[in-house]
Structures are given as structure tokens and as C-alpha cells.
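**Student:** Below is the file query25.txt, which contains compact mmCIF, C-alpha atoms and all ligand atoms.
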# COMPACT_ATOMS: atom_id res chain seq x y z
CA MET A 22 17.92 43.26 48.47
CA THR A 23 18.99 46.59 46.98
CA ILE A 24 18.35 46.92 43.30
CA SER A 25 21.24 48.59 41.52
CA GLY A 26 20.12 48.20 37.94
CA LYS A 27 19.89 50.53 35.04
CA ALA A 28 16.17 51.26 35.26
CA PRO A 29 16.78 54.87 36.40
CA ASN A 30 19.11 55.38 33.41
CA LEU A 31 16.44 54.17 31.04
CA ARG A 32 13.85 56.48 32.61
CA ARG A 33 16.28 59.39 32.44
CA LEU A 34 17.00 58.70 28.78
CA MET A 35 13.27 58.58 28.12
CA SER A 36 12.77 61.94 29.76
CA GLU A 37 15.66 63.50 27.82
CA ARG A 38 15.00 62.16 24.33
CA ASP A 39 12.01 62.16 22.03
CA LEU A 40 12.74 58.67 20.74
CA LEU A 41 14.92 55.90 22.16
CA VAL A 42 16.31 53.36 19.73
CA GLY A 43 16.90 49.81 20.95
CA VAL A 44 18.39 46.88 19.06
CA GLY A 45 17.72 43.16 19.52
CA ALA A 46 20.53 40.92 20.73
CA ARG A 47 20.81 37.15 21.00
CA ASP A 48 23.82 37.13 23.31
CA ALA A 49 26.37 39.25 25.13
CA LEU A 50 28.60 39.70 22.09
CA ASP A 51 25.68 41.12 20.08
CA ALA A 52 24.92 43.42 23.01
CA ARG A 53 28.51 44.71 23.10
CA ILE A 54 28.52 45.35 19.38
CA ILE A 55 25.19 47.20 19.65
CA GLN A 56 26.53 49.35 22.48
CA CYS A 57 29.66 50.18 20.44
CA ALA A 58 27.37 51.37 17.63
CA GLU A 59 25.87 53.81 20.16
CA PHE A 60 22.27 52.69 20.33
CA ASP A 61 20.24 53.56 23.40
CA PHE A 62 19.29 50.18 24.81
CA ILE A 63 19.42 46.46 24.18
CA TRP A 64 16.35 44.35 23.49
CA SER A 65 17.06 40.87 24.81
CA SER A 66 15.07 39.23 22.05
CA SER A 67 13.20 35.97 22.61
CA LEU A 68 13.66 35.22 18.92
CA GLY A 69 17.37 35.93 19.22
CA VAL A 70 17.99 34.01 22.43
CA SER A 71 15.97 31.03 21.13
CA ALA A 72 17.90 31.23 17.87
CA SER A 73 21.16 31.13 19.82
CA TYR A 74 20.02 27.68 21.03
CA ALA A 75 18.81 26.91 17.47
CA VAL A 76 15.32 26.14 18.76
CA PRO A 77 11.99 27.74 17.79
CA ASP A 78 10.86 30.94 19.54
CA ALA A 79 7.89 29.08 21.01
CA SER A 80 8.33 29.22 24.82
CA LEU A 81 10.65 26.21 24.58
CA ILE A 82 13.63 27.42 26.56
CA SER A 83 13.09 28.24 30.20
CA MET A 84 12.83 31.51 32.07
CA SER A 85 16.23 30.72 33.66
CA GLN A 86 17.82 30.46 30.23
CA TYR A 87 16.36 33.84 29.21
CA LEU A 88 17.47 35.27 32.53
CA GLU A 89 21.02 34.00 32.06
CA ALA A 90 21.13 35.42 28.53
CA ALA A 91 19.92 38.84 29.69
CA ARG A 92 22.27 38.81 32.67
CA SER A 93 25.24 38.02 30.44
CA MET A 94 24.29 40.91 28.14
CA ASN A 95 23.83 43.26 31.07
CA GLU A 96 27.24 42.42 32.47
CA VAL A 97 29.10 43.63 29.39
CA VAL A 98 27.26 46.85 28.51
CA ASP A 99 26.54 50.12 30.27
CA ILE A 100 23.32 50.80 28.38
CA PRO A 101 20.03 49.40 29.73
CA ILE A 102 18.59 46.02 28.81
CA VAL A 103 14.89 45.62 28.12
CA VAL A 104 13.91 41.98 28.30
CA ASP A 105 11.44 40.44 25.90
CA ALA A 106 9.72 38.19 28.44
CA ASP A 107 7.23 36.63 26.00
CA THR A 108 3.98 35.93 27.87
CA GLY A 109 5.68 36.18 31.27
CA TYR A 110 6.52 32.44 31.22
CA GLY A 111 3.15 31.26 32.51
CA ASN A 112 0.51 32.98 34.61
CA ALA A 113 0.78 35.95 36.99
CA ASN A 114 2.71 33.79 39.49
CA ASN A 115 5.39 33.26 36.86
CA VAL A 116 5.40 36.99 36.10
CA ILE A 117 5.96 37.81 39.78
CA TYR A 118 8.90 35.44 39.98
CA ALA A 119 10.33 36.68 36.67
CA VAL A 120 10.13 40.37 37.62
CA LYS A 121 11.88 39.64 40.91
CA LEU A 122 14.74 37.77 39.22
CA PHE A 123 15.18 40.05 36.20
CA GLU A 124 15.11 43.16 38.35
CA GLU A 125 17.64 41.66 40.76
CA ALA A 126 19.83 40.92 37.72
CA GLY A 127 19.90 44.66 36.94
CA ILE A 128 17.55 44.52 33.97
CA ALA A 129 15.89 47.90 33.30
CA GLY A 130 12.54 46.78 31.98
CA MET A 131 10.43 43.96 30.70
CA SER A 132 7.94 43.51 27.89
CA ILE A 133 5.11 41.02 28.39
CA GLU A 134 2.78 40.08 25.53
CA ASP A 135 -0.91 39.24 25.70
CA LYS A 136 -0.73 35.83 24.04
CA LYS A 137 -1.42 32.45 25.58
CA PHE A 138 1.48 30.41 26.92
CA PRO A 139 3.14 28.69 25.11
CA LYS A 140 3.40 31.30 22.43
CA ASP A 141 4.59 31.24 18.83
CA ASN A 142 6.76 33.95 17.32
CA SER A 143 4.59 36.81 16.08
CA LEU A 144 6.13 36.82 12.60
CA LEU A 145 5.73 33.07 12.00
CA ALA A 146 3.53 32.44 8.96
CA GLY A 147 0.64 30.28 10.12
CA GLY A 148 1.80 30.51 13.74
CA ARG A 149 -0.54 29.97 16.71
CA GLN A 150 -1.44 33.56 17.55
CA GLU A 151 -3.85 32.89 20.44
CA LEU A 152 -4.66 35.87 22.62
CA ALA A 153 -4.97 35.63 26.39
CA ALA A 154 -8.17 36.88 28.03
CA VAL A 155 -7.91 40.62 28.65
CA ASP A 156 -8.49 40.35 32.41
CA GLU A 157 -5.96 37.59 32.79
CA PHE A 158 -3.32 39.67 31.01
CA ALA A 159 -4.22 42.84 32.91
CA GLY A 160 -3.60 40.76 36.05
CA LYS A 161 -0.10 39.97 34.81
CA ILE A 162 0.62 43.67 34.29
CA ARG A 163 -0.69 44.52 37.79
CA ALA A 164 1.38 41.67 39.20
CA ALA A 165 4.52 42.99 37.49
CA LYS A 166 3.94 46.55 38.70
CA ASP A 167 3.21 45.40 42.26
CA THR A 168 6.34 43.25 42.31
CA GLN A 169 8.98 45.65 41.00
CA LYS A 170 11.15 47.14 43.74
CA SER A 171 12.52 50.12 41.85
CA PRO A 172 9.82 52.57 40.77
CA ASP A 173 11.84 53.02 37.58
CA PHE A 174 11.59 49.41 36.36
CA LEU A 175 9.73 49.71 33.06
CA VAL A 176 6.82 47.36 32.39
CA ILE A 177 5.83 47.29 28.74
CA ALA A 178 2.50 45.68 27.84
CA ARG A 179 2.68 44.23 24.35
CA VAL A 180 -0.55 44.07 22.41
CA GLU A 181 -0.79 41.21 19.91
CA ALA A 182 -4.34 41.83 18.66
CA LEU A 183 -3.15 43.01 15.22
CA ILE A 184 -0.80 40.03 14.98
CA ALA A 185 -3.71 37.70 15.81
CA GLY A 186 -5.99 39.43 13.29
CA TRP A 187 -8.50 40.63 15.90
CA GLY A 188 -8.64 44.15 14.46
CA MET A 189 -7.92 47.73 15.37
CA GLY A 190 -10.78 48.13 17.85
CA GLU A 191 -9.62 45.14 19.89
CA ALA A 192 -6.01 46.39 19.80
CA LEU A 193 -7.00 49.85 21.04
CA SER A 194 -9.32 48.59 23.77
CA ARG A 195 -6.78 46.05 25.02
CA ALA A 196 -4.06 48.70 25.11
CA ALA A 197 -6.31 51.01 27.13
CA ARG A 198 -7.07 48.19 29.60
CA TYR A 199 -3.37 47.50 30.09
CA VAL A 200 -2.75 51.19 30.77
CA GLU A 201 -5.43 51.02 33.48
CA ALA A 202 -3.61 47.99 34.88
CA GLY A 203 -0.45 50.10 35.23
CA ALA A 204 1.59 49.51 32.06
CA ASP A 205 4.33 52.12 31.59
CA CYS A 206 4.35 51.73 27.80
CA ILE A 207 2.33 49.92 25.15
CA LEU A 208 4.19 47.92 22.54
CA ILE A 209 1.85 47.63 19.60
CA HIS A 210 3.07 44.88 17.30
CA SER A 211 2.20 44.35 13.66
CA LYS A 212 3.36 41.92 10.99
CA SER A 213 1.82 43.89 8.17
CA GLN A 214 4.11 44.56 5.21
CA SER A 215 2.83 48.12 5.19
CA SER A 216 3.03 50.65 7.99
CA ASP A 217 -0.60 51.74 7.45
CA GLU A 218 -1.94 49.53 10.27
CA ILE A 219 0.56 50.84 12.81
CA VAL A 220 0.13 54.44 11.71
CA GLU A 221 -3.66 54.02 12.12
CA PHE A 222 -3.14 52.71 15.65
CA VAL A 223 -0.77 55.51 16.58
CA LYS A 224 -3.13 58.16 15.25
CA ALA A 225 -6.09 56.65 17.12
CA TRP A 226 -4.16 56.30 20.40
CA ASP A 227 -5.42 58.95 22.78
CA CYS A 228 -3.75 58.00 26.09
CA LYS A 229 -0.64 59.71 27.40
CA THR A 230 1.09 56.35 27.84
CA PRO A 231 3.96 56.13 25.33
CA LEU A 232 4.03 53.62 22.49
CA VAL A 233 6.79 51.25 21.44
CA LEU A 234 7.15 50.04 17.82
CA VAL A 235 9.02 47.11 16.28
CA PRO A 236 9.25 47.95 12.59
CA THR A 237 10.50 44.62 11.22
CA THR A 238 7.97 43.99 8.45
CA TYR A 239 7.35 47.67 7.69
CA PRO A 240 10.87 49.13 7.40
CA ASP A 241 9.49 52.11 5.46
CA LEU A 242 8.48 53.57 8.83
CA THR A 243 11.78 55.30 9.58
CA GLU A 244 12.68 57.10 12.78
CA GLU A 245 11.99 60.41 11.09
CA LYS A 246 8.46 59.33 10.20
CA ILE A 247 7.91 57.84 13.66
CA LEU A 248 8.97 61.10 15.27
CA SER A 249 6.55 63.02 13.10
CA LEU A 250 3.71 60.80 14.35
CA GLY A 251 4.45 61.66 17.98
CA LYS A 252 3.29 59.39 20.85
CA VAL A 253 5.99 56.79 20.09
CA ARG A 254 8.93 56.96 22.51
CA MET A 255 10.78 53.75 21.67
CA VAL A 256 11.62 51.92 18.51
CA ILE A 257 13.17 48.45 18.49
CA TYR A 258 15.13 46.90 15.62
CA ALA A 259 14.50 43.46 17.06
CA ASN A 260 16.32 40.99 14.86
CA GLN A 261 18.37 42.69 12.12
CA VAL A 262 21.73 42.19 13.86
CA PHE A 263 21.57 38.45 14.29
CA ARG A 264 19.89 37.94 10.92
CA ALA A 265 22.82 39.77 9.35
CA ALA A 266 25.22 37.56 11.31
CA VAL A 267 23.52 34.37 10.09
CA LYS A 268 23.77 35.54 6.48
CA ALA A 269 27.46 36.42 6.86
CA GLU A 270 28.18 33.05 8.51
CA GLU A 271 26.43 31.10 5.78
CA GLU A 272 28.15 33.04 3.03
CA ILE A 273 31.64 32.59 4.43
CA LEU A 274 31.04 28.88 4.98
CA MET A 275 29.98 28.51 1.34
CA GLU A 276 33.08 30.37 0.21
CA ILE A 277 35.43 28.24 2.35
CA LYS A 278 33.80 25.11 1.03
CA LYS A 279 34.10 26.32 -2.55
CA ALA A 280 37.68 27.58 -2.26
CA ARG A 281 38.70 24.55 -0.17
CA GLY A 282 40.64 26.85 2.10
CA THR A 283 40.36 30.18 3.88
CA HIS A 284 42.71 32.06 1.52
CA THR A 285 39.86 34.03 -0.13
CA VAL A 286 37.90 35.21 2.89
CA ALA A 287 40.22 37.52 4.83
CA ASP A 288 38.33 40.72 4.01
CA ARG A 289 34.99 39.22 5.06
CA MET A 290 35.93 38.78 8.70
CA ALA A 291 36.52 41.06 11.66
CA PRO A 292 40.21 40.92 12.56
CA VAL A 293 40.98 38.75 15.58
CA LYS A 294 42.26 41.94 17.25
CA HIS A 295 38.79 43.45 16.99
CA LEU A 296 37.26 40.35 18.57
CA PHE A 297 39.75 40.67 21.42
CA GLU A 298 38.68 44.29 21.90
CA LEU A 299 35.01 43.33 21.98
CA GLN A 300 35.87 40.70 24.59
CA GLY A 301 37.52 43.29 26.80
CA VAL A 302 41.07 42.01 26.46
CA PRO A 303 42.67 45.51 26.70
CA LYS A 304 40.99 46.02 30.08
CA MET A 305 42.12 42.60 31.25
CA LYS A 306 45.72 43.47 30.30
CA GLU A 307 45.50 46.70 32.34
CA GLN A 308 44.28 44.66 35.30
CA GLU A 309 47.19 42.29 34.83
CA LYS A 310 49.65 45.17 35.05
CA LYS A 311 48.09 46.22 38.30
CA TYR A 312 47.42 42.89 39.98
CA LEU A 313 49.49 40.04 38.54
C1 LIG A 401 11.56 39.26 19.46
O1 LIG A 401 12.53 39.90 19.05
O2 LIG A 401 11.67 38.15 19.99
C2 LIG A 401 10.21 39.79 19.34
C3 LIG A 401 9.84 40.60 18.18
O3 LIG A 401 9.39 39.46 20.16
S1 LIG A 401 9.15 39.49 17.03
O4 LIG A 401 10.13 38.52 16.66
O5 LIG A 401 8.71 40.30 15.91
O6 LIG A 401 7.98 38.85 17.64
MG MG A 402 9.95 37.81 21.23
Could the structure of this file be written out as C-alpha cells, please?

**Tutor:**
Amino acid sequence: MTISGKAPNLRRLMSERDLLVGVGARDALDARIIQCAEFDFIWSSSLGVSASYAVPDASLISMSQYLEAARSMNEVVDIPIVVDADTGYGNANNVIYAVKLFEEAGIAGMSIEDKKFPKDNSLLAGGRQELAAVDEFAGKIRAAKDTQKSPDFLVIARVEALIAGWGMGEALSRAARYVEAGADCILIHSKSQSSDEIVEFVKAWDCKTPLVLVPTTYPDLTEEKILSLGKVRMVIYANQVFRAAVKAEEEILMEIKKARGTHTVADRMAPVKHLFELQGVPKMKEQEKKYL
């Protein structure tokens, strides 16, 4: 099967820009809105997609459900989708099957994290942050790289050693092992409230392989500061968009309940016309002129 995805676009963007900025989406509408705001790529977030089913981000929904979510996002945007594939949905066999299906769906890249399946969300207080054996995870990265059909498909190895509290040395040595296994990028994740831990990792990183950061708990690390560190080629704002949506939904519901009507909320909502635009209604109307 020919792969006609956006992996080459993502690689081209990476070669042209110092820092790519991706934003987490839970569904296709989020993805469209993110594209309209002119970000570089979409992060199909496991937290977001799980949240769209209102279930915990704990390997509960299936690979097919994540695939369908990413496919629906990919269908409505031109920018590349990077899939957050958790632990790869099982062992290396599951990774092989996932890479085949996600790549065939036109997905540009995939992040796989070195935790045990089933995983817990990395930011969950008291969550099960159990790391996989290094060799086992390196096998998953090799499996992904051997499976991809397009040389441009991006395999990101995500290191969870800092999340699990195993320390800087473990994080650095794991990252180096995953580079040996063929990882295109290293996503180093941290849940520290300060950026010190991540900055220490970045400064100590001495491989050419680019780093990816997810500055959720350390928002002080702005793009400007990240650029000044060097070595980091991607930043992902993984969950801000759907967290903002949840807040807006809850607030408008409270207001409607309080006002016992919708007469006070007009300025808090996107006009229906804007929703139609995001859904591609203008294009559909053009098609109608041509074909109906
Ligand atoms: C996600 O967006 O699902 C991520 C990032 O994996 S985090 O929620 O911080 O683990
Ligand atoms: Mg995730």
C-alpha cells in the first residue's frame, strides 16, 4: 500500500524551523481550531481522546478508538498529526500493528512512552508510574522503525524516568539507549512545577537527536527560553485547549442554570456561523453549486 501521509511535511517543517509548536487535541473539531490558529502540528493526546470518552487516561480505550480519533483529526486538517500512542498498546507486536495502521491512516509520527502497559497519565497525583525494562522498550522502538514504510514517519521515544522519580541519570541513560534503538526524537517528560529538572536534562543531553518538551506543569519555560537552550526541536501544549473548553462549558452551564434561560450568555459563545465555518459548510455549499 502506498503511504500518502504528512510525514514528509513534518520532516520538512523540522528542517526549516528551529522549533515546531504542536497543540493537543481531543477530537477533529479541536484539531481544526488549532490549525486555524496556525500552529505547526496536532498532538492527538491520549489524555484528550480519553477525556472525550469521559474515561481515565489509563489505557482503557482501545488502539482502534485512538486510531479513529487520529484519523478523524487528520481528515480535517492539512498540518501533520503526531499521535500520542501511550506505551504502544501492549508489547512490540502491538507496536508493529499500530505503526502499520497509523501510518496507513496518514499520521505523520508517533510517540511511544517507556511505561508498563496499562499506563496511568503522567500528571496523575499518586498514579502508577511503572517503567518498562529498558531493553523491552528499546525493542518497541526498533520494531516501530523497522515497520514504518515511509522513511519520514517520525518515531518519538518518550522517557518517563523523571515522571517515575528514577532520577536524571536514569533518564539520560534511557534516552541514549532509545537513540541507539533508532528513535528520531526523545520526548523528555516532567511533572515538576519548576523547569529546573527539564533544563538540567536539556543541558546534559549530548546526542544530536532532537528533544521534545511538554511544558504543562512548568509554563515558565516559554518558547523563547526553549530556543535559547537549543537541542529542543518540538514543544507540545498537550492539554490547554480542551481544558479551556471544559472550563467554558462548565461556566456557561452554571450561568444558564442560574439565569433559568440563555438570555445572558450570547457573548460567551461562538456564533453558530463560526461553527458552520469550522465544519466546512462553505466548502460543502460550493460543492453543491457544482454537483447538485
Ligand atoms: C497527553 O497529552 O496525553 C500526554 C501528555 O501524554 S500528559 O498528559 O502530560 O501525560
Ligand atoms: Mg498521553

**Student:** From the options A:Asp61, A:Asp39, A:Asp227, A:Glu181, which residue's atoms come nearest to Arg254 in chain A, counting all atoms listed in the file?

**Tutor:** A:Asp39

**Student:** Distance CA of Glu124 in chain A-CA of Ser85 in chain A, one decimal place?

**Tutor:**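 CA of Ser85 in chain A lies at a distance of 13.3 Å from CA of Glu124 in chain A.
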
**Student:** Pick out the closest residue to Ala72 in chain A from this set: A:Tyr312, A:Lys137, A:Val104, A:Asn142. Count all atoms listed in the file.

**Tutor:**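 For Ala72 in chain A, the nearest of the given residues is A:Asn142.
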
**Student:** For ligand MG 402 (chain A), collect every residue having any atom at a distance of at most 8 Å from a ligand atom (counting all atoms listed in the file); output as a list in words.

**Tutor:**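 Using all atoms listed in the file, everything at most 8 Å from ligand MG 402 (chain A) comes to Ser66, Ser67, Leu68, Gly69, Asp78, Asp105, Ala106, Asp107, Asn142 and Ser143 of chain A.
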
**Student:** With distances taken over only C-alpha atoms and all ligand atoms, which residue among A:Asp135, A:Glu89, A:Asp173, A:Glu309 lies nearest ligand LIG 401 (chain A)?

**Tutor:**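 Of A:Asp135, A:Glu89, A:Asp173, A:Glu309, the one nearest ligand LIG 401 (chain A) is A:Asp135, counting only C-alpha atoms and all ligand atoms.
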
**Student:** So, counting only C-alpha atoms, which residue among A:Ala204, A:Ile162, A:Leu152, A:Leu40 is closest to Trp187 in chain A?

**Tutor:** A:Leu152

**Student:** With all atoms listed in the file as the basis for distance, which of A:Cys206, A:Ala129, A:Leu50, A:Val256 is at the shortest distance from ligand LIG 401 (chain A)?

**Tutor:** A:Val256

**Student:** Taking the point (3.4, 63.1, 14.8) as given in the file, collect each protein or nucleic acid residue that comes within 12 Å of it, counting all atoms listed in the file, and present the set as a ChimeraX atom specification.

**Tutor:** /A:39-40,220-221,223-226,244-254

**Student:** Just how far from CA of Gly127 in chain A is CA of Leu296 in chain A, in Å to one decimal?

**Tutor:**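 That distance, rounded to one decimal, is 25.6 Å.
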
**Student:** Between A:Ala159, A:Val98, A:Ile117, A:Leu234, which has the minimum distance to ligand LIG 401 (chain A) (counting all atoms listed in the file)?

**Tutor:**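 Among the listed residues, the smallest separation from ligand LIG 401 (chain A) belongs to A:Leu234.
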
**Student:** Would you list the contacts of Ile128 in chain A as a PyMOL selection string, taking every protein, DNA or RNA residue within 12 Å and counting all atoms listed in the file, but skipping same-chain residues closer than 5 positions in sequence?

**Tutor:** chain A and resi 24-31+62-65+87-96+98-106+119-123+169-171+173-176

**Student:** Can you pull out the residues contacting Gly186 in chain A? Cut-off 10 Å, using all atoms listed in the file, and skip same-chain residues under 3 positions away; I want them as a PyMOL selection string.

**Tutor:** chain A and resi 150-151+181-183+189+191-192+211-212

**Student:** Based on the selection just made, write C-alpha atoms of those residues as a PDB file, in the coordinates of the input.

**Tutor:**
ATOM      1  CA  GLN A 150      -1.440  33.560  17.550  1.00  0.00           C
ATOM      2  CA  GLU A 151      -3.850  32.890  20.440  1.00  0.00           C
ATOM      3  CA  GLU A 181      -0.790  41.210  19.910  1.00  0.00           C
ATOM      4  CA  ALA A 182      -4.340  41.830  18.660  1.00  0.00           C
ATOM      5  CA  LEU A 183      -3.150  43.010  15.220  1.00  0.00           C
ATOM      6  CA  MET A 189      -7.920  47.730  15.370  1.00  0.00           C
ATOM      7  CA  GLU A 191      -9.620  45.140  19.890  1.00  0.00           C
ATOM      8  CA  ALA A 192      -6.010  46.390  19.800  1.00  0.00           C
ATOM      9  CA  SER A 211       2.200  44.350  13.660  1.00  0.00           C
ATOM     10  CA  LYS A 212       3.360  41.920  10.990  1.00  0.00           C
TER      11      LYS A 212
END

**Student:** Can you tell me how far atom O6 of ligand LIG 401 (chain A) sits from CA of Leu81 in chain A, in Å to one decimal?

**Tutor:**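 Computing the Euclidean distance for atom O6 of ligand LIG 401 (chain A) and CA of Leu81 in chain A yields 14.7 Å.
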